[in-house]
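> Got a structure for you, coords.txt, holding compact mmCIF, C-alpha atoms.
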```txt
# COMPACT_ATOMS: atom_id res chain seq x y z
CA MET A 3 0.00 0.00 0.00
CA VAL A 4 1.41 3.33 -1.02
CA ASP A 5 -0.10 6.68 -0.15
CA VAL A 6 -2.38 8.76 -2.39
CA VAL A 7 0.44 10.24 -4.48
CA GLY A 8 1.89 6.78 -5.02
CA HIS A 9 -1.48 5.39 -6.12
CA LEU A 10 -1.96 8.20 -8.62
CA GLY A 11 1.57 7.64 -9.91
CA MET A 12 0.99 3.89 -10.29
CA ALA A 13 -2.19 4.56 -12.29
CA LEU A 14 -0.29 6.95 -14.56
CA ILE A 15 2.41 4.32 -15.11
CA TRP A 16 -0.20 1.68 -15.94
CA PHE A 17 -1.77 4.07 -18.47
CA VAL A 18 1.45 4.30 -20.51
CA PRO A 19 0.43 1.49 -22.93
CA ALA A 20 -2.55 3.63 -23.98
CA TRP A 21 -0.10 5.88 -25.81
CA PHE A 22 0.77 2.97 -28.11
CA ILE A 23 -2.86 1.90 -28.66
CA ILE A 24 -4.76 5.19 -28.99
CA ASP A 25 -3.94 7.04 -32.21
CA GLU A 26 -4.94 10.58 -31.27
CA ARG A 27 -2.55 12.10 -28.74
CA LYS A 28 -5.19 14.33 -27.13
CA THR A 29 -7.39 11.28 -26.62
CA ALA A 30 -4.53 9.38 -24.99
CA ALA A 31 -3.84 12.42 -22.81
CA THR A 32 -7.50 12.49 -21.78
CA PHE A 33 -7.31 8.78 -20.95
CA ALA A 34 -4.43 9.41 -18.54
CA ALA A 35 -5.61 12.76 -17.14
CA VAL A 36 -9.15 11.60 -16.37
CA GLY A 37 -8.34 8.00 -15.55
CA VAL A 38 -5.69 8.76 -12.97
CA TRP A 39 -8.32 9.84 -10.45
CA PHE A 40 -9.91 6.40 -10.52
CA GLY A 41 -6.64 5.09 -9.13
CA MET A 42 -8.09 5.86 -5.70
CA LEU A 43 -11.40 4.07 -6.28
CA PRO A 44 -10.63 0.86 -4.29
CA ASP A 45 -10.10 3.00 -1.18
CA VAL A 46 -13.84 3.72 -1.19
CA ASP A 47 -13.81 0.95 1.42
CA LEU A 48 -12.29 3.44 3.89
CA VAL A 49 -15.43 5.56 3.55
CA LEU A 50 -17.81 2.62 3.53
CA LYS A 51 -16.36 1.00 6.65
CA GLY A 52 -17.51 4.05 8.60
CA ILE A 53 -21.05 3.39 7.38
CA LEU A 54 -21.07 -0.41 7.21
CA PRO A 55 -19.00 -2.07 9.97
CA THR A 56 -18.62 -5.29 7.96
CA VAL A 57 -16.57 -3.55 5.25
CA LYS A 58 -12.82 -3.84 5.83
CA HIS A 59 -9.94 -2.04 4.22
CA HIS A 60 -8.14 -4.27 1.71
CA GLY A 61 -11.22 -6.46 1.50
CA VAL A 62 -13.45 -7.04 -1.50
CA PHE A 63 -12.87 -3.56 -2.96
CA HIS A 64 -9.20 -4.43 -3.37
CA THR A 65 -9.77 -7.28 -5.83
CA VAL A 66 -9.57 -7.62 -9.58
CA LEU A 67 -13.21 -8.77 -9.48
CA MET A 68 -14.38 -5.53 -7.85
CA ALA A 69 -12.24 -3.47 -10.23
CA GLY A 70 -14.16 -5.18 -13.02
CA VAL A 71 -17.56 -4.65 -11.37
CA LEU A 72 -16.86 -0.97 -10.69
CA ALA A 73 -15.53 -0.54 -14.23
CA ALA A 74 -18.71 -2.10 -15.62
CA LEU A 75 -20.86 0.23 -13.50
CA ILE A 76 -18.90 3.48 -13.71
CA GLY A 77 -17.15 3.07 -17.08
CA PRO A 78 -20.18 3.50 -19.34
CA LEU A 79 -21.26 6.60 -17.39
CA LEU A 80 -17.75 8.01 -17.65
CA GLY A 81 -17.66 7.23 -21.38
CA ALA A 82 -20.99 8.98 -21.88
CA VAL A 83 -19.80 12.05 -20.00
CA LEU A 84 -16.57 12.19 -22.00
CA LYS A 85 -18.44 11.69 -25.26
CA ARG A 86 -20.89 14.45 -24.37
CA THR A 87 -18.30 16.94 -23.09
CA LEU A 88 -15.42 16.25 -25.46
CA GLY A 89 -17.03 14.47 -28.43
CA GLY A 90 -17.74 17.62 -30.38
CA THR A 91 -14.16 18.80 -30.15
CA ASP A 92 -10.94 17.50 -31.63
CA TRP A 93 -10.17 15.71 -28.34
CA PHE A 94 -11.73 12.50 -29.63
CA SER A 95 -11.19 10.91 -32.99
CA ASP A 96 -14.29 9.41 -34.62
CA ASP A 97 -13.30 5.90 -33.47
CA ALA A 98 -12.86 7.01 -29.87
CA VAL A 99 -16.29 8.63 -29.76
CA ASP A 100 -17.89 5.48 -31.15
CA HIS A 101 -16.16 3.46 -28.43
CA ALA A 102 -16.68 5.83 -25.49
CA THR A 103 -18.20 3.12 -23.29
CA GLY A 104 -15.22 0.82 -23.74
CA PHE A 105 -12.92 3.77 -23.23
CA GLY A 106 -14.51 4.48 -19.83
CA VAL A 107 -14.60 0.84 -18.75
CA VAL A 108 -10.93 0.25 -19.56
CA MET A 109 -9.95 3.52 -17.88
CA VAL A 110 -11.64 2.62 -14.57
CA PHE A 111 -10.51 -1.03 -14.66
CA VAL A 112 -6.84 -0.28 -15.32
CA ALA A 113 -6.75 2.39 -12.61
CA GLY A 114 -8.42 0.03 -10.11
CA VAL A 115 -6.04 -2.85 -10.81
CA ALA A 116 -3.07 -0.46 -10.62
CA HIS A 117 -4.26 0.55 -7.14
CA VAL A 118 -4.51 -3.09 -6.02
CA PHE A 119 -1.03 -3.80 -7.37
CA ALA A 120 0.41 -0.77 -5.56
CA ASP A 121 -1.13 -2.00 -2.32
CA MET A 122 0.52 -5.37 -2.84
CA LEU A 123 3.90 -3.63 -2.71
CA SER A 124 3.67 -2.81 0.99
CA ALA A 125 0.32 -3.79 2.48
CA PRO A 126 1.61 -5.88 5.41
CA ASP A 127 3.35 -2.84 6.93
CA ILE A 128 0.28 -1.10 8.39
CA ALA A 129 -2.79 -2.85 6.98
CA ASP A 130 -4.11 -6.27 6.08
CA SER A 131 -2.65 -7.94 3.03
CA VAL A 132 -4.70 -7.81 -0.15
CA GLU A 133 -6.30 -10.84 -1.76
CA PRO A 134 -6.45 -9.56 -5.35
CA LEU A 135 -7.77 -12.78 -6.90
CA TRP A 136 -10.59 -13.35 -4.41
CA PRO A 137 -12.90 -15.33 -4.72
CA LEU A 138 -10.92 -17.61 -7.04
CA TYR A 139 -7.80 -17.65 -4.89
CA GLN A 140 -8.27 -16.73 -1.27
CA GLN A 141 -4.72 -16.06 -0.18
CA SER A 142 -2.99 -12.77 0.15
CA PHE A 143 -0.39 -11.54 -2.26
CA GLY A 144 2.14 -9.25 -0.74
CA ILE A 145 5.43 -8.37 -2.30
CA ASP A 146 6.31 -6.04 0.59
CA VAL A 147 9.15 -4.20 -1.13
CA VAL A 148 8.37 -0.65 -0.01
CA TRP A 149 7.36 1.12 3.15
CA TYR A 150 3.93 2.73 2.97
CA ASN A 151 5.01 6.25 3.82
CA ASP A 152 8.32 6.32 1.93
CA PRO A 153 8.32 9.69 0.15
CA LEU A 154 10.95 8.54 -2.34
CA VAL A 155 8.74 5.67 -3.47
CA ASN A 156 5.49 7.62 -3.50
CA TRP A 157 6.82 10.73 -5.19
CA GLY A 158 9.04 8.57 -7.39
CA LEU A 159 5.99 6.70 -8.72
CA PHE A 160 4.09 9.95 -9.23
CA LEU A 161 6.90 11.82 -10.96
CA THR A 162 7.74 8.78 -13.11
CA GLY A 163 4.09 8.53 -14.19
CA ILE A 164 3.97 12.25 -15.00
CA ALA A 165 7.30 12.15 -16.87
CA LEU A 166 6.30 9.12 -18.95
CA ASN A 167 2.93 10.54 -19.93
CA VAL A 168 4.20 14.06 -20.64
CA GLY A 169 7.15 12.63 -22.56
CA LEU A 170 4.88 10.47 -24.70
CA PHE A 171 2.50 13.39 -25.25
CA LEU A 172 5.34 15.59 -26.45
CA SER A 173 6.87 12.85 -28.61
CA ARG A 174 3.62 12.24 -30.52
CA ARG A 175 3.05 14.58 -33.44
```
Produce structure tokens that represent the structure in this file.

Amino acid sequence: MVDVVGHLGMALIWFVPAWFIIDERKTAATFAAVGVWFGMLPDVDLVLKGILPTVKHHGVFHTVLMAGVLAALIGPLLGAVLKRTLGGTDWFSDDAVDHATGFGVVMVFVAGVAHVFADMLSAPDIADSVEPLWPLYQQSFGIDVVWYNDPLVNWGLFLTGIALNVGLFLSRR
């Protein structure tokens, strides 16, 4: 588990392949700039555990399954909003507008899985380990290579994600 800055950085890093798949550079930039915020989505369990005592941090919301469920629920709405707000501009190519739902689903899913992976890097330090493949495999996965509050790791992830995305934006003509 890294802190907020680390989670946002990990999402940005996981969005790098979009630059090689999406033709229009402004569309790829939108993918990263909007999608990065969904890198915090699995931590909705921190809010929910205050409302529902049975919800635990690093529980079901920190699984690939829940990333998929949330992507299926939120992604189409996000795609519709992006299509409506940016579809009439040059931010989306014709193909991207036609595939706005898929665009939103992939954006939310990738950011959610990036969050779960980042938590696997240090979860045992201060919180329960994550079980990312629950319910298929009910054991925790923890790599435990970083300390949760290490500013070098957290800011390193964030600045690396920014540098990669800005560099790819500038390199695309």
> For a cut-off of 12 Å around (-6.4, 1.4, -29.3), file coordinates, pick out all residues using all atoms listed in the file and list them as a PyMOL selection string.
chain A and resi 19-27+29-30+33+95+97-98+101-102+104-105+108
> So, counting all atoms listed in the file, which residue among A:Ala31, A:Val4, A:Val118, A:Val46 is closest to Val18 in chain A?
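Using all atoms listed in the file, Val18 in chain A sits closest to A:Ala31.
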> To box range 103-116 of chain A, take all atoms listed in the file, fit an axis-aligned box, add 4 Å on each side, and give centre and edge lengths in Å to one decimal, as AutoDock Vina command-line options.

```
--center_x -10.6 --center_y 0.8 --center_z -16.9 --size_x 23.1 --size_y 15.3 --size_z 21.6
```
> Set the distance at 6 Å and use all atoms listed in the file: which residues neighbour range 52-66 of chain A once local chain neighbours fewer than 3 positions away are removed? I'd like the list as a VMD selection string.
chain A and resid 44 47 to 49 69 118 132 134 to 135
> Report as an MDAnalysis selection string all protein, DNA and RNA residues lying within 9 Å of Phe119 in chain A, evaluated on all atoms listed in the file, omitting residues in the same chain fewer than 4 positions from it.
chainID A and resid 3 12 114:115 123 134
> What's the separation between CA of Val6 in chain A and CA of Thr87 in chain A, in Å to one decimal place?
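Interatomic distance here is 27.4 Å.
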> What's the 9 Å shell around Leu159 in chain A, counting all atoms listed in the file, without same-chain residues fewer than 5 positions away, as an mmCIF file with C-alpha atoms, keeping the file's coordinate frame?

```cif
data_model
loop_
_atom_site.group_PDB
_atom_site.id
_atom_site.type_symbol
_atom_site.label_atom_id
_atom_site.label_comp_id
_atom_site.auth_asym_id
_atom_site.auth_seq_id
_atom_site.Cartn_x
_atom_site.Cartn_y
_atom_site.Cartn_z
ATOM 1 C CA VAL A 7 0.440 10.240 -4.480
ATOM 2 C CA GLY A 8 1.890 6.780 -5.020
ATOM 3 C CA HIS A 9 -1.480 5.390 -6.120
ATOM 4 C CA LEU A 10 -1.960 8.200 -8.620
ATOM 5 C CA GLY A 11 1.570 7.640 -9.910
ATOM 6 C CA MET A 12 0.990 3.890 -10.290
ATOM 7 C CA LEU A 14 -0.290 6.950 -14.560
ATOM 8 C CA ILE A 15 2.410 4.320 -15.110
ATOM 9 C CA LEU A 154 10.950 8.540 -2.340
ATOM 10 C CA ILE A 164 3.970 12.250 -15.000
#
```
> My list of candidates is A:Thr103, A:Leu170, A:Phe143, A:Val155. Which is closest to Ala73 in chain A when distances are computed with only C-alpha atoms?
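Once distances to Ala73 in chain A are computed over only C-alpha atoms, the minimum belongs to A:Thr103.
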> From the options A:Val112, A:Gly144, A:Pro137, A:Phe160, which residue's atoms come nearest to Ser124 in chain A, counting all atoms listed in the file?
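Of A:Val112, A:Gly144, A:Pro137, A:Phe160, the one nearest Ser124 in chain A, counting all atoms listed in the file, is A:Gly144.
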> As an exercise, work out the distance from CA of Val168 in chain A to CA of Gly37 in chain A in Å and give it to one decimal place.
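Result for CA of Val168 in chain A versus CA of Gly37 in chain A: 14.8 Å, one decimal.
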> CA of His117 in chain A and CA of Gly41 in chain A are how many Å apart?
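Separating CA of His117 in chain A from CA of Gly41 in chain A is a distance of 5.5 Å.
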> Using all atoms listed in the file, which of the listed residues (A:Gly158, A:Gly70, A:Gly77, A:Gly163) sits closest to Ala35 in chain A?
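So, comparing all the options, the nearest one is A:Gly163.
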> Smallest atom-to-atom distance to Leu75 in chain A: which of A:Ala113, A:Val38, A:Asp5, A:Val107, using only C-alpha atoms?
A:Val107
